[in-house]
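A short worksheet on the structure shown next.
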Amino acid sequence: MNQRSAQFGVFVGRFNPLHLGHERVIRHMLEQCGLERCAVIIGSSNAPTSIRHFFSYSQRRYFIKQVFPSLKIAGIPDYGSDGDWLLALDDLIDLAGLRSEAACFFSGAPEDVDFFVKDNRQIEVLNRVDGTTPVVSATEVRDRLIHYKSLDGFVNTTIIPAIEAEFQTQWEAFKHL
C-alpha cells in the first residue's frame, strides 16, 4: 500500500448507514490529520432507493453529523466514467479547503481503496474491526434492520434511534414498490 505522507485526510464511502467500523476509520483519520484537515465524502449521493442505497444523502449526512458535528462533509453523485468521478472528487476536496494532490484516502478495507491505488493516490487502510467489535458492514446493519435485530455493537448508540426510525418509515414504503 502507498505510505501516508499527505497533509489532508479524506474518507470516501456510502455510509449507508454509518457504523462503528466507519467511526473507527474517521477517528483515526482525525488523529492523523486533525479536524480542519479532514473531510468525509458521501458517495452515491444521487442513487435511487434500493437495498444497497437505502438511506438518502441527507439521512446519511445527518447520521454522520450526530457523531462528528464539526466534520466537513460533502456528497458526490455517481458518474458515467471513472475519470469524471475522480475529477469531481478532486474538485470537492479542493472546495473543502484541502488540496487533492496532498490528500490521503482513508479506508477500513483494502477493496474499498483499490480504485485509488490504481490511480496512484495515497491511501491508508485501517482494519475497521479491532477485535473488540463484531465484523461490521453497512450490509450487515441493513440486514439487522430488516430482520428486527439489535444494532448494539454495530452502530453508535447516539444514532440508533434515528436509523431505526428512518428505516422503519422507508421500509414500509419500499416493500410496496
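Scheme for the C-alpha cells: letters A, B, ... for chains in order shown; per-chain residue numbers from 1; ligand numbers from 1 in order shown.
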
Report the residues of chain A whose backbone DSSP state falls under helix (DSSP H, G or I), written as a VMD selection string. chain A and resid 20 to 33 35 to 37 57 to 67 82 to 95 100 to 102 110 to 112 114 to 118 138 to 146 160 to 175

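Residue nearest Ala109 in chain A within the list A:Glu124, A:Asp94, A:Asp152, A:Asp78: A:Glu124 [criterion: smallest interatomic distance, only C-alpha atoms].
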
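In the backbone-derived DSSP annotation, strand (DSSP E or B) within range 35-160 of chain A comprises Cys38, Ala39, Val40, Ile41, Ile42, Lys72, Ile73, Ala74, Gly75, Ala103, Cys104, Phe105, Phe106, Ser107, Gln122, Ile123, Glu124 and Val125 of chain A.
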
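Non-sequential neighbours of Arg121 in chain A (distance at most 9 Å, separation of 5 or more positions within a chain, only C-alpha atoms) are A:Asn2, A:Glu101, A:Ala103, A:Cys104, A:Phe105, A:Phe115, A:Phe116.
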
Sorted per-residue table, range 95-145 of chain A near range 34-46 of chain A, closest atoms and distance, 12 Å, only C-alpha atoms, as CSV:
```
residue,atom,partner,partner_atom,distance
A:Leu95,CA,A:Ala39,CA,10.7
A:Ala96,CA,A:Ala39,CA,7.5
A:Gly97,CA,A:Arg37,CA,8.2
A:Leu98,CA,A:Arg37,CA,6.6
A:Arg99,CA,A:Arg37,CA,9.4
A:Ser100,CA,A:Ala39,CA,11.2
A:Ala102,CA,A:Arg37,CA,10.6
A:Ala103,CA,A:Cys38,CA,9.0
A:Cys104,CA,A:Cys38,CA,9.5
A:Phe105,CA,A:Val40,CA,9.9
A:Phe106,CA,A:Val40,CA,9.6
A:Ser107,CA,A:Val40,CA,10.9
A:Asp112,CA,A:Gly43,CA,11.9
```

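Comparing A:Ile123, A:Val117, A:Ile76, A:Tyr148 by their smallest distance to Gln7 in chain A, the closest is A:Ile123 (using only C-alpha atoms).
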
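Distances from A:Gln32, A:Glu172, A:Val25, A:Phe154 to Thr139 in chain A were compared using only C-alpha atoms, and the smallest one belongs to A:Phe154.
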
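For the pair CA of Arg52 in chain A and CA of Leu18 in chain A, the interatomic distance is 13.2 Å.
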